[in-house]
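Novice: Structure supplied as work.cif; contents: mmCIF, C-alpha atoms.
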data_protein
#
loop_
_atom_site.label_atom_id
_atom_site.label_comp_id
_atom_site.auth_asym_id
_atom_site.auth_seq_id
_atom_site.Cartn_x
_atom_site.Cartn_y
_atom_site.Cartn_z
CA MET A 1 39.14 28.39 8.13
CA SER A 2 42.14 30.51 9.01
CA PRO A 3 45.41 29.40 7.46
CA GLY A 4 47.21 29.68 10.78
CA GLN A 5 45.03 26.97 12.31
CA SER A 6 44.82 24.57 9.39
CA LEU A 7 47.41 22.18 8.01
CA LEU A 8 49.77 24.85 6.70
CA PRO A 9 51.84 25.14 9.90
CA PHE A 10 52.70 21.46 9.59
CA LEU A 11 53.85 21.41 5.98
CA PRO A 12 57.59 20.84 5.78
CA ALA A 13 57.94 23.60 3.18
CA PRO A 14 57.61 27.39 3.22
CA VAL A 15 54.07 28.56 2.49
CA ALA A 16 52.82 32.12 2.23
CA VAL A 17 49.33 33.47 1.72
CA ALA A 18 49.00 36.94 0.26
CA ASP A 19 46.21 39.31 -0.72
CA PRO A 20 45.76 40.31 -4.39
CA GLU A 21 48.16 43.23 -3.84
CA GLY A 22 50.86 40.79 -2.84
CA ARG A 23 50.83 41.69 0.88
CA ALA A 24 51.41 38.82 3.26
CA VAL A 25 48.38 37.60 5.16
CA TYR A 26 50.02 34.50 6.59
CA VAL A 27 53.34 32.70 6.45
CA ASN A 28 53.96 29.32 8.02
CA PRO A 29 56.81 28.55 10.46
CA GLU A 30 58.87 26.97 7.70
CA PHE A 31 58.69 30.22 5.72
CA VAL A 32 59.85 32.19 8.77
CA ARG A 33 62.76 29.80 9.19
CA ALA A 34 63.80 29.55 5.53
CA PHE A 35 63.63 33.22 4.67
CA ASP A 36 64.44 34.82 8.03
CA ALA A 37 61.06 36.50 8.14
CA PRO A 38 60.70 38.53 11.36
CA GLU A 39 58.03 36.70 13.33
CA GLY A 40 55.09 38.90 14.23
CA GLN A 41 55.99 41.52 11.61
CA VAL A 42 54.83 39.68 8.57
CA HIS A 43 51.19 40.63 8.23
CA GLY A 44 50.64 43.33 5.62
CA ARG A 45 54.23 43.36 4.44
CA PRO A 46 54.74 42.92 0.67
CA LEU A 47 55.72 39.32 0.15
CA ALA A 48 58.34 40.27 -2.44
CA LYS A 49 60.21 42.22 0.24
CA PHE A 50 61.23 38.99 1.91
CA PHE A 51 63.44 38.34 -1.09
CA ALA A 52 66.22 40.15 -2.88
CA GLY A 53 67.26 40.73 -6.47
CA GLY A 54 65.92 38.32 -9.05
CA ALA A 55 63.90 36.39 -6.50
CA ARG A 56 61.99 39.54 -5.54
CA GLU A 57 61.31 40.27 -9.19
CA ALA A 58 60.09 36.72 -9.75
CA VAL A 59 57.62 36.96 -6.85
CA LEU A 60 56.29 40.30 -8.11
CA VAL A 61 55.82 39.01 -11.64
CA ALA A 62 54.12 35.83 -10.38
CA THR A 63 51.75 37.82 -8.17
CA ALA A 64 50.70 40.00 -11.11
CA ARG A 65 50.24 37.00 -13.41
CA VAL A 66 48.27 34.91 -10.95
CA CYS A 67 45.86 37.75 -10.27
CA ALA A 68 45.50 38.71 -13.93
CA GLU A 69 45.12 35.19 -15.31
CA VAL A 70 43.57 33.50 -12.23
CA ARG A 71 45.65 30.36 -12.70
CA VAL A 72 48.64 28.65 -11.12
CA VAL A 73 52.03 30.07 -12.05
CA ARG A 74 55.18 28.06 -11.45
CA PHE A 75 58.70 29.43 -11.38
CA LEU A 76 62.14 28.74 -10.02
CA LEU A 77 63.61 30.89 -7.29
CA ARG A 78 67.10 30.93 -5.84
CA GLU A 79 67.56 32.32 -2.35
CA SER A 80 70.92 32.13 -0.60
CA ASP A 81 72.23 28.62 -1.33
CA ALA A 82 68.86 27.02 -1.90
CA ALA A 83 66.79 26.60 -5.03
CA TYR A 84 63.02 26.42 -4.86
CA ALA A 85 60.36 25.36 -7.31
CA VAL A 86 57.55 27.79 -6.47
CA SER A 87 53.86 27.32 -7.17
CA ALA A 88 51.77 30.46 -6.90
CA ALA A 89 48.08 29.60 -6.91
CA PRO A 90 45.04 31.89 -6.84
CA ILE A 91 42.41 31.72 -4.11
CA GLU A 92 39.36 32.09 -6.26
CA ALA A 93 35.97 33.60 -5.60
CA GLU A 94 33.48 34.23 -8.39
CA GLY A 95 36.13 33.91 -11.07
CA ALA A 96 38.54 36.41 -9.55
CA ALA A 97 41.67 35.97 -7.47
CA VAL A 98 40.96 37.23 -3.95
CA GLY A 99 44.32 36.04 -2.72
CA LEU A 100 47.34 33.90 -3.53
CA VAL A 101 49.09 30.95 -1.98
CA PHE A 102 52.82 30.52 -2.56
CA LEU A 103 54.33 27.11 -1.97
CA PHE A 104 58.12 26.92 -2.00
CA SER A 105 59.36 23.44 -2.69
CA GLN A 106 63.07 23.12 -2.18
CA GLU A 107 64.82 21.41 -5.05
CA PRO A 108 67.28 18.83 -3.81
CA THR A 109 70.65 19.54 -5.39
CA GLY A 110 71.23 15.86 -6.00
CA GLU A 111 68.08 15.53 -8.06
CA GLN A 112 69.03 18.55 -10.10
CA VAL A 113 72.46 17.17 -10.85
CA LEU A 114 71.03 13.79 -11.81
CA SER A 115 68.60 15.57 -14.07
CA PHE A 116 71.44 17.48 -15.71
CA HIS A 117 73.32 14.24 -16.11
CA ARG A 118 70.41 12.70 -17.97
CA GLU A 119 70.03 15.80 -20.13
CA ILE A 120 73.67 15.94 -21.08
CA GLN A 121 73.79 12.34 -22.29
CA GLU A 122 71.70 13.11 -25.35
CA PRO A 123 73.99 15.74 -26.97
CA ILE A 124 77.02 13.64 -26.05
CA ASP A 125 75.53 10.64 -27.83
CA ASP A 126 74.59 12.77 -30.86
CA LEU A 127 78.05 14.26 -31.10
CA ALA A 128 79.71 10.87 -30.76
CA HIS A 129 77.47 9.52 -33.51
CA CYS A 130 78.41 12.43 -35.82
CA LEU A 131 82.12 11.94 -35.18
CA ASP A 132 81.84 8.19 -35.77
CA SER A 133 80.12 8.87 -39.09
CA LEU A 134 82.86 11.30 -40.09
CA LEU A 135 85.45 8.72 -39.23
CA GLU A 136 83.76 6.12 -41.41
CA GLN A 137 83.63 8.52 -44.39
CA THR A 138 87.24 9.57 -44.11
CA GLY A 139 89.37 8.75 -47.14
CA GLY A 140 91.82 10.32 -49.56
CA ARG A 141 95.25 11.85 -49.12
CA ARG A 142 94.47 14.10 -46.19
CA ALA A 143 92.69 11.30 -44.44
CA GLU A 144 95.41 10.56 -41.89
CA ARG A 145 95.42 14.02 -40.38
CA PHE A 146 91.67 14.31 -40.51
CA ARG A 147 91.21 10.96 -38.83
CA GLY A 148 93.59 12.03 -36.07
CA GLN A 149 91.51 15.13 -35.38
CA VAL A 150 88.26 13.25 -35.32
CA GLU A 151 89.73 10.63 -33.02
CA GLU A 152 90.97 13.39 -30.73
CA GLY A 153 87.44 14.78 -30.69
CA LEU A 154 86.03 11.39 -29.79
CA ARG A 155 88.50 11.06 -26.91
CA ALA A 156 87.58 14.51 -25.66
CA LEU A 157 83.93 13.58 -25.84
CA GLU A 158 84.58 10.42 -23.89
CA ARG A 159 86.18 12.52 -21.17
CA VAL A 160 83.08 14.72 -21.05
CA ARG A 161 81.00 11.59 -20.62
CA LYS A 162 83.24 10.30 -17.86
CA TRP A 163 83.13 13.61 -15.99
CA SER A 164 79.40 13.69 -16.32
CA ASP A 165 79.23 10.19 -14.83
CA GLU A 166 81.62 11.28 -12.11
CA LEU A 167 79.32 14.15 -11.23
CA ARG A 168 76.41 11.73 -10.97
CA ASP A 169 78.44 9.37 -8.79
CA PHE A 170 79.51 12.29 -6.63
CA VAL A 171 75.89 13.04 -5.88
CA ALA A 172 75.09 9.38 -5.32
CA THR A 173 77.96 9.00 -2.87
CA ARG A 174 76.95 12.12 -0.97
CA SER A 175 73.48 10.76 -0.49
CA HIS A 176 74.72 7.81 1.52
CA GLU A 177 75.68 7.80 5.11
CA PRO A 178 79.28 6.84 5.67
CA ALA A 179 79.62 3.31 6.98
CA ALA A 180 83.18 3.06 8.22
CA ARG A 181 84.22 -0.39 9.40
CA ARG A 182 87.30 -2.60 9.47
CA CYS A 183 88.62 -3.45 6.04
CA ASP A 184 91.42 -5.69 4.79
CA ALA A 185 93.62 -3.15 2.99
CA LEU A 186 95.66 -5.87 1.32
CA GLU A 187 92.55 -7.34 -0.28
CA LEU A 188 91.38 -3.85 -1.26
CA ALA A 189 94.74 -3.07 -2.90
CA HIS A 190 94.69 -6.36 -4.84
CA GLN A 191 91.08 -5.87 -5.97
CA VAL A 192 91.92 -2.48 -7.44
CA GLY A 193 95.19 -3.80 -8.86
CA GLU A 194 93.38 -6.63 -10.65
CA ALA A 195 90.79 -4.25 -12.08
CA ALA A 196 93.57 -1.93 -13.24
CA GLY A 197 95.40 -4.93 -14.76
CA GLY A 198 92.31 -5.89 -16.75
CA ALA A 199 91.89 -2.35 -18.06
CA ALA A 200 95.60 -2.16 -18.93
CA ARG A 201 95.39 -5.39 -20.96
CA ARG A 202 92.36 -4.11 -22.83
CA THR A 203 93.89 -0.73 -23.62
CA GLY A 204 97.48 -1.86 -24.17
CA HIS A 205 98.91 0.48 -21.53
CA ALA A 206 101.82 -0.55 -19.31
CA LEU A 207 100.89 -1.09 -15.67
CA GLU A 208 103.14 -1.78 -12.71
CA VAL A 209 101.53 -3.05 -9.51
CA LEU A 210 103.51 -2.66 -6.27
CA ILE A 211 101.75 -4.21 -3.31
CA PRO A 212 103.66 -5.48 -0.26
CA ALA A 213 103.05 -8.88 1.31
CA THR A 214 101.23 -7.41 4.29
CA LEU A 215 99.26 -4.28 5.06
CA PRO A 216 97.45 -3.22 8.23
CA ASP A 217 93.68 -3.26 8.32
CA VAL A 218 92.09 0.12 7.74
CA SER A 219 88.91 1.79 8.89
CA CYS A 220 86.58 2.03 5.90
CA ASP A 221 83.72 0.43 4.03
CA GLY A 222 85.81 -1.80 1.76
CA ALA A 223 83.09 -2.51 -0.82
CA ARG A 224 82.20 1.13 -1.31
CA LEU A 225 85.78 2.31 -1.45
CA SER A 226 86.82 -0.50 -3.75
CA ALA A 227 84.04 0.46 -6.17
CA ALA A 228 85.17 4.10 -6.18
CA LEU A 229 88.84 3.21 -6.67
CA VAL A 230 88.15 0.65 -9.40
CA ARG A 231 86.03 3.16 -11.27
CA PHE A 232 88.75 5.76 -10.92
CA VAL A 233 91.68 3.63 -12.18
CA ARG A 234 89.62 2.15 -15.02
CA ASP A 235 88.59 5.61 -16.17
CA ARG A 236 92.16 6.85 -16.16
CA LEU A 237 93.45 3.83 -18.08
CA GLU A 238 90.67 3.90 -20.63
CA LEU A 239 91.04 7.63 -21.26
CA ALA A 240 94.82 7.66 -21.53
CA ARG A 241 96.67 8.20 -24.78
CA GLU A 242 98.37 5.30 -26.46
CA GLY A 243 101.64 4.24 -24.84
CA SER A 244 100.85 5.65 -21.39
CA ARG A 245 102.33 3.99 -18.30
CA PHE A 246 100.73 3.54 -14.90
CA THR A 247 101.71 2.44 -11.42
CA TRP A 248 99.33 1.17 -8.75
CA ALA A 249 101.04 0.95 -5.36
CA ALA A 250 100.19 0.43 -1.72
CA LYS A 251 102.22 0.80 1.47
CA ALA A 252 101.75 1.07 5.21
CA LEU A 253 101.93 4.64 6.47
CA GLY A 254 101.36 6.12 9.90
CA GLY A 255 99.32 3.19 11.21
CA GLY A 256 97.16 3.29 8.09
CA VAL A 257 97.68 2.66 4.41
CA LEU A 258 98.67 4.87 1.51
CA LEU A 259 97.39 3.86 -1.91
CA SER A 260 98.77 5.63 -4.96
CA PHE A 261 98.07 5.66 -8.64
CA THR A 262 100.61 7.30 -10.96
CA GLU A 263 99.98 8.15 -14.58
CA MET A 264 102.72 8.83 -17.12
CA GLY A 265 102.22 9.59 -20.77
CA SER A 266 104.39 7.93 -23.43
CA GLU A 267 108.05 8.95 -23.29
CA GLY A 268 107.59 10.78 -20.04
CA ALA A 269 104.86 13.06 -21.31
CA LEU A 270 101.83 13.25 -19.07
CA SER A 271 98.62 11.55 -19.94
CA PHE A 272 96.80 14.53 -18.54
CA GLY A 273 97.66 18.17 -18.01
CA THR A 274 99.86 19.06 -15.03
CA ASP A 275 97.51 21.88 -14.16
CA ASP A 276 94.92 19.34 -13.14
CA ASP A 277 95.86 18.74 -9.53
CA THR A 278 92.36 18.43 -8.14
CA PRO A 279 91.41 14.89 -7.14
CA PRO A 280 88.28 13.59 -8.88
CA ALA A 281 85.24 14.66 -6.92
CA ALA A 282 83.62 11.22 -6.79
CA LEU A 283 86.77 9.59 -5.44
CA SER A 284 87.42 12.40 -2.95
CA ASN A 285 83.90 12.22 -1.71
CA ALA A 286 83.95 8.45 -1.29
CA VAL A 287 87.28 8.50 0.54
CA GLN A 288 86.44 11.45 2.78
CA ALA A 289 83.14 9.83 3.71
CA GLN A 290 85.24 6.97 5.12
CA GLY A 291 87.51 9.27 7.10
CA GLY A 292 90.36 9.12 4.62
CA SER A 293 92.05 11.79 2.53
CA VAL A 294 92.93 12.21 -1.12
CA ALA A 295 95.68 14.26 -2.74
CA ARG A 296 96.89 14.67 -6.25
CA VAL A 297 100.27 15.92 -7.41
CA ALA A 298 101.05 16.68 -11.03
CA ASP A 299 104.72 16.80 -12.00
CA PRO A 300 106.16 17.06 -15.55
CA VAL A 301 108.76 14.42 -14.75
CA ALA A 302 107.15 12.15 -12.15
CA GLY A 303 103.68 12.22 -13.73
CA VAL A 304 100.33 12.68 -12.05
CA THR A 305 100.02 10.83 -8.75
CA THR A 306 96.76 10.45 -6.90
CA THR A 307 97.16 9.26 -3.32
CA VAL A 308 94.55 7.93 -0.95
CA HIS A 309 95.38 7.72 2.74
CA LEU A 310 93.17 5.51 4.90
CA PRO A 311 93.41 5.57 8.69
CA GLY A 312 94.26 2.33 10.46
CA ALA A 313 91.49 0.30 12.04
CA GLU A 314 91.16 0.78 15.78
CA MET B 315 33.00 -6.45 12.78
CA ALA B 316 34.55 -8.98 15.13
CA SER B 317 34.23 -12.55 13.99
CA GLY B 318 32.58 -15.06 16.30
CA GLY B 319 30.47 -14.05 19.25
CA ALA B 320 28.53 -10.90 19.94
CA VAL B 321 29.95 -7.46 19.50
CA LYS B 322 30.44 -5.76 22.83
CA ARG B 323 32.15 -2.48 22.07
CA VAL B 324 32.49 -0.73 18.71
CA CYS B 325 34.85 2.04 17.69
CA LEU B 326 32.92 4.18 15.21
CA ALA B 327 34.61 6.63 12.86
CA TYR B 328 32.40 9.55 13.75
CA SER B 329 32.05 12.97 12.14
CA GLY B 330 28.97 14.23 13.95
CA GLY B 331 27.10 14.37 10.68
CA LEU B 332 23.76 12.76 9.89
CA ASP B 333 25.12 9.41 8.69
CA THR B 334 27.42 8.62 11.58
CA SER B 335 24.96 9.99 14.17
CA VAL B 336 22.36 7.57 12.88
CA ILE B 337 24.89 4.73 12.71
CA LEU B 338 25.85 5.37 16.32
CA ARG B 339 22.29 4.87 17.51
CA TRP B 340 21.76 1.97 15.11
CA LEU B 341 24.81 0.11 16.45
CA ILE B 342 23.58 0.44 20.01
CA GLU B 343 20.09 -0.74 19.15
CA GLN B 344 21.10 -3.43 16.69
CA TYR B 345 23.96 -4.98 18.63
CA ASP B 346 23.13 -3.88 22.15
CA CYS B 347 26.76 -2.77 22.39
CA GLU B 348 28.79 0.16 23.59
CA VAL B 349 30.06 2.65 21.04
CA VAL B 350 33.22 4.69 21.26
CA ALA B 351 33.05 7.61 18.86
CA TYR B 352 36.35 8.35 17.22
CA CYS B 353 37.09 11.46 15.23
CA ALA B 354 40.28 12.39 13.43
CA ASP B 355 41.32 16.01 13.37
CA VAL B 356 42.79 16.43 9.90
CA GLY B 357 42.31 20.18 9.82
CA GLN B 358 38.55 20.41 9.50
CA GLU B 359 38.41 22.70 12.54
CA GLU B 360 34.89 24.00 13.21
CA GLU B 361 33.38 20.60 12.50
CA LEU B 362 35.00 19.40 15.73
CA ASP B 363 33.32 21.99 17.93
CA GLY B 364 31.04 20.32 20.46
CA LEU B 365 31.64 16.90 18.98
CA PRO B 366 32.20 14.96 22.24
CA GLU B 367 28.99 16.34 23.71
CA LYS B 368 27.09 15.48 20.56
CA ALA B 369 28.47 11.94 20.48
CA LYS B 370 27.65 11.31 24.12
CA SER B 371 24.17 12.72 23.78
CA SER B 372 23.68 10.22 20.95
CA GLY B 373 24.68 7.41 23.30
CA ALA B 374 28.44 7.02 22.88
CA VAL B 375 30.26 5.89 26.02
CA ASP B 376 33.29 7.90 25.00
CA CYS B 377 34.50 10.22 22.27
CA VAL B 378 38.13 10.25 21.24
CA ILE B 379 39.48 13.03 19.02
CA ARG B 380 42.90 12.39 17.56
CA ASP B 381 44.94 15.36 16.34
CA LEU B 382 46.38 13.96 13.11
CA ARG B 383 47.11 17.31 11.44
CA GLU B 384 50.86 17.08 11.55
CA GLU B 385 51.04 13.48 10.37
CA PHE B 386 48.49 14.22 7.67
CA ALA B 387 50.34 17.33 6.43
CA ARG B 388 53.81 15.83 6.52
CA GLU B 389 53.21 12.24 5.51
CA TYR B 390 50.27 12.52 3.13
CA VAL B 391 49.47 16.03 1.88
CA TRP B 392 53.05 17.03 1.30
CA PHE B 393 53.80 14.02 -0.89
CA ALA B 394 50.61 14.59 -2.84
CA ILE B 395 51.62 18.20 -3.46
CA ARG B 396 55.10 17.14 -4.53
CA ALA B 397 53.58 14.64 -6.92
CA GLY B 398 51.11 17.20 -8.28
CA ALA B 399 48.25 14.87 -7.39
CA VAL B 400 45.16 16.67 -8.67
CA TYR B 401 42.34 14.38 -9.76
CA GLU B 402 41.06 15.26 -13.23
CA GLY B 403 42.84 18.60 -13.02
CA THR B 404 40.62 20.05 -10.32
CA TYR B 405 40.02 17.80 -7.30
CA LEU B 406 42.73 17.97 -4.65
CA LEU B 407 41.96 14.57 -3.09
CA GLY B 408 41.99 15.82 0.49
CA THR B 409 39.22 13.43 1.55
CA ALA B 410 40.71 10.42 -0.19
CA LEU B 411 44.18 11.12 1.18
CA ALA B 412 42.95 11.32 4.76
CA ARG B 413 41.07 8.02 4.74
CA PRO B 414 43.98 5.59 5.22
CA LEU B 415 45.34 7.73 8.04
CA ILE B 416 41.93 7.90 9.72
CA ALA B 417 41.54 4.12 9.43
CA LYS B 418 45.02 3.46 10.81
CA HIS B 419 44.34 5.51 13.93
CA GLN B 420 40.85 4.13 14.26
CA VAL B 421 42.31 0.66 14.76
CA GLU B 422 44.74 2.06 17.34
CA VAL B 423 41.93 3.80 19.21
CA ALA B 424 39.83 0.64 19.06
CA ARG B 425 42.64 -1.34 20.69
CA GLU B 426 43.32 1.34 23.29
CA THR B 427 39.66 1.59 24.29
CA GLY B 428 39.00 -2.13 24.43
CA CYS B 429 36.77 -2.32 21.38
CA ASP B 430 36.21 -5.59 19.58
CA ALA B 431 34.88 -4.06 16.37
CA VAL B 432 35.23 -0.99 14.19
CA ALA B 433 32.60 0.70 12.06
CA HIS B 434 32.45 3.55 9.57
CA GLY B 435 29.83 5.34 7.57
CA ALA B 436 31.21 4.81 4.08
CA THR B 437 28.34 3.76 1.87
CA GLY B 438 28.30 1.01 -0.69
CA LYS B 439 27.48 3.48 -3.44
CA GLY B 440 30.67 5.47 -3.53
CA ASN B 441 34.33 4.56 -3.30
CA ASP B 442 34.75 5.63 0.32
CA GLN B 443 34.44 2.10 1.63
CA VAL B 444 37.36 1.14 -0.61
CA ARG B 445 39.39 3.99 0.83
CA PHE B 446 38.65 2.82 4.35
#
Take the structure I supplied and represent it as structure tokens, if you would.

Specialist:
Amino acid sequence: MSPGQSLLPFLPAPVAVADPEGRAVYVNPEFVRAFDAPEGQVHGRPLAKFFAGGAREAVLVATARVCAEVRVVRFLLRESDAAYAVSAAPIEAEGAAVGLVFLFSQEPTGEQVLSFHREIQEPIDDLAHCLDSLLEQTGGRRAERFRGQVEEGLRALERVRKWSDELRDFVATRSHEPAARRCDALELAHQVGEAAGGAARRTGHALEVLIPATLPDVSCDGARLSAALVRFVRDRLELAREGSRFTWAAKALGGGVLLSFTEMGSEGALSFGTDDDTPPAALSNAVQAQGGSVARVADPVAGVTTTVHLPGAE
Amino acid sequence: MASGGAVKRVCLAYSGGLDTSVILRWLIEQYDCEVVAYCADVGQEEELDGLPEKAKSSGAVDCVIRDLREEFAREYVWFAIRAGAVYEGTYLLGTALARPLIAKHQVEVARETGCDAVAHGATGKGNDQVRF
């Protein structure tokens, strides 16, 4: 059976068949598309030459190993912006490899990130456990200062955890199709305000909520956006230093609505560094998916303000 | 087989091999019915050569060959590869994977060709009848 006439042309992944010297015998249409292989000029060309740098090296090494060991070799390959999990399998005859089949399975970025998220939870938990133990054992005259440092470490760790969760949520949000629809902005603003109020009571931070009596409807998926905003304001309140002050506000702007969340540290100092003027990725992604925009301004006096502008409903 | 009444027209999953060639004749003689031979192309290639002629010479009123290669590769084989589905470390399950797809299209072909029954050659000894 020739590979060109079998099932290989229909596989939704790049496949290449090579001889034991690593020269291409067949590549499927998906391979031609993914790696810009010149159609009709593939046969006899070293397979590794379709790749550059480390990817080329990886293909060469895999070819040598498959032929020497007559077993499947798996490796990761990065080409342009895509990552592939590659399986190189021998075509066996009488115990020897008379050819190789390479299957390039593209690794979805989202799955990779989720995998990293899972992996990173373990060291975070271990570190938090260690710091908690240190805190429990703290005593003596230098205890106050030591406790302060450990508590600072725990807060920093909590921020790592939050950012890790944010990364996961970013991927999750990207994987959904936007579902813009008419949304009651007043209800949305109050939902987030109530969630922020609850977090402020728990953490002891001051929170001012400024929502007008009326707001125009906006074009967005209210449930999805509310979830993203609630998560955002809760995170900020829970991670803030003692004595921080916050403002959650909403107002009509340009036919739509502008929502803003301002963070001020105690006595005017910022809760977070002023150099951090990038809006959180998960929030940005959720808002942009609904046709809105997010901005963040950090000012030593005015604090850090994150604004979300939502277009008015048509 | 169809319930109630005599079978008039049977859609037989047909490979052209010994079993299904015998079954084809047996159906005609046993039920005095028409048989439509149905074969799924799941990439077996040379086994399809001359199949319609063979089926008709065995008594089939028609032979339908469905090209299922793309659906098989994309919807069945690819997921099995992604899952690393290799039975007992060696067997790649190609036959088992194809069976549900073959059966699905067999029913479609049966409806399209006016059959009131379907038949296959999976024996009671193996697990093929379960697959079908």

Novice: Give me the residues within 12 Å of A:Glu57 as a PyMOL selection string, counting all atoms listed in the file and dropping any in the same chain fewer than 5 places off.

Specialist: chain A and resi 47-52+62-64+75-78

Novice: Output the selection as a PDB file, keeping the file's coordinate frame - C-alpha atoms for each residue.

Specialist:
ATOM      1  CA  LEU A  47      55.720  39.320   0.150  1.00  0.00           C
ATOM      2  CA  ALA A  48      58.340  40.270  -2.440  1.00  0.00           C
ATOM      3  CA  LYS A  49      60.210  42.220   0.240  1.00  0.00           C
ATOM      4  CA  PHE A  50      61.230  38.990   1.910  1.00  0.00           C
ATOM      5  CA  PHE A  51      63.440  38.340  -1.090  1.00  0.00           C
ATOM      6  CA  ALA A  52      66.220  40.150  -2.880  1.00  0.00           C
ATOM      7  CA  ALA A  62      54.120  35.830 -10.380  1.00  0.00           C
ATOM      8  CA  THR A  63      51.750  37.820  -8.170  1.00  0.00           C
ATOM      9  CA  ALA A  64      50.700  40.000 -11.110  1.00  0.00           C
ATOM     10  CA  PHE A  75      58.700  29.430 -11.380  1.00  0.00           C
ATOM     11  CA  LEU A  76      62.140  28.740 -10.020  1.00  0.00           C
ATOM     12  CA  LEU A  77      63.610  30.890  -7.290  1.00  0.00           C
ATOM     13  CA  ARG A  78      67.100  30.930  -5.840  1.00  0.00           C
TER      14      ARG A  78
END

Novice: Name every residue that the PyMOL selection byres ((chain B) within 12 of (chain A)) selects in this structure, writing the answer as a list in words with chains first and numbers rising.

Specialist: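 Selection result, ordered by chain and number: Asp355, Val356, Gly357, Gln358, Glu359, Glu360, Glu361, Asp381, Leu382, Arg383, Glu384, Glu385, Phe386, Ala387, Arg388, Glu389, Tyr390, Val391, Trp392, Phe393, Ala394, Ile395, Arg396, Ala397, Gly398, Gly403, Thr404 and Gly408 of chain B.
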
Novice: I need the residues from that last selection saved to file as a PDB file, in the coordinates of the input (with C-alpha atoms), if you can.

Specialist:
ATOM      1  CA  ASP B 355      41.320  16.010  13.370  1.00  0.00           C
ATOM      2  CA  VAL B 356      42.790  16.430   9.900  1.00  0.00           C
ATOM      3  CA  GLY B 357      42.310  20.180   9.820  1.00  0.00           C
ATOM      4  CA  GLN B 358      38.550  20.410   9.500  1.00  0.00           C
ATOM      5  CA  GLU B 359      38.410  22.700  12.540  1.00  0.00           C
ATOM      6  CA  GLU B 360      34.890  24.000  13.210  1.00  0.00           C
ATOM      7  CA  GLU B 361      33.380  20.600  12.500  1.00  0.00           C
ATOM      8  CA  ASP B 381      44.940  15.360  16.340  1.00  0.00           C
ATOM      9  CA  LEU B 382      46.380  13.960  13.110  1.00  0.00           C
ATOM     10  CA  ARG B 383      47.110  17.310  11.440  1.00  0.00           C
ATOM     11  CA  GLU B 384      50.860  17.080  11.550  1.00  0.00           C
ATOM     12  CA  GLU B 385      51.040  13.480  10.370  1.00  0.00           C
ATOM     13  CA  PHE B 386      48.490  14.220   7.670  1.00  0.00           C
ATOM     14  CA  ALA B 387      50.340  17.330   6.430  1.00  0.00           C
ATOM     15  CA  ARG B 388      53.810  15.830   6.520  1.00  0.00           C
ATOM     16  CA  GLU B 389      53.210  12.240   5.510  1.00  0.00           C
ATOM     17  CA  TYR B 390      50.270  12.520   3.130  1.00  0.00           C
ATOM     18  CA  VAL B 391      49.470  16.030   1.880  1.00  0.00           C
ATOM     19  CA  TRP B 392      53.050  17.030   1.300  1.00  0.00           C
ATOM     20  CA  PHE B 393      53.800  14.020  -0.890  1.00  0.00           C
ATOM     21  CA  ALA B 394      50.610  14.590  -2.840  1.00  0.00           C
ATOM     22  CA  ILE B 395      51.620  18.200  -3.460  1.00  0.00           C
ATOM     23  CA  ARG B 396      55.100  17.140  -4.530  1.00  0.00           C
ATOM     24  CA  ALA B 397      53.580  14.640  -6.920  1.00  0.00           C
ATOM     25  CA  GLY B 398      51.110  17.200  -8.280  1.00  0.00           C
ATOM     26  CA  GLY B 403      42.840  18.600 -13.020  1.00  0.00           C
ATOM     27  CA  THR B 404      40.620  20.050 -10.320  1.00  0.00           C
ATOM     28  CA  GLY B 408      41.990  15.820   0.490  1.00  0.00           C
TER      29      GLY B 408
END

Novice: For the structure provided, state which residues fall under the PyMOL selection byres ((chain A and resi 286-293) around 6), and present them as a PyMOL selection string.

Specialist: chain A and resi 178+180+220+283-285+294+308-310

Novice: Next, dump the selected residues to file, keeping only C-alpha atoms, as a JSON list (two decimals), in the frame of the given file.

Specialist:
[["chain", "number", "residue", "atom", "x", "y", "z"],
["A", 178, "PRO", "CA", 79.28, 6.84, 5.67],
["A", 180, "ALA", "CA", 83.18, 3.06, 8.22],
["A", 220, "CYS", "CA", 86.58, 2.03, 5.90],
["A", 283, "LEU", "CA", 86.77, 9.59, -5.44],
["A", 284, "SER", "CA", 87.42, 12.40, -2.95],
["A", 285, "ASN", "CA", 83.90, 12.22, -1.71],
["A", 294, "VAL", "CA", 92.93, 12.21, -1.12],
["A", 308, "VAL", "CA", 94.55, 7.93, -0.95],
["A", 309, "HIS", "CA", 95.38, 7.72, 2.74],
["A", 310, "LEU", "CA", 93.17, 5.51, 4.90]]

Novice: Using all atoms listed in the file, pick whichever of A:Val304, A:Leu157, A:Val218, A:Val209 has the shortest atom-to-atom distance to A:Leu253.

Specialist: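 That would be A:Val218, the residue with the smallest distance to A:Leu253.
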
Novice: Atom CA of A:Pro311 to atom CA of A:Val192: how many Å, to one decimal?

Specialist: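 Straight-line distance from atom CA of A:Pro311 to atom CA of A:Val192 works out to 18.1 Å.
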
Novice: One decimal, Å: what's the distance from atom CA of A:Ala24 over to atom CA of B:Ala412, could you say?

Specialist: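 Pair atom CA of A:Ala24 / atom CA of B:Ala412 returns 28.8 Å.
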
Novice: Tell me, in Å to one decimal, how far atom CA of A:Val59 is from atom CA of B:Leu407.

Specialist: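 For atom CA of A:Val59 relative to atom CA of B:Leu407, the distance reads 27.6 Å.
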
Novice: Running the PyMOL selection byres ((chain B and resi 420) around 9) on this model by hand, what would come out? Give it as a PyMOL selection string.

Specialist: chain B and resi 325-327+352-354+415-419+421-425+432
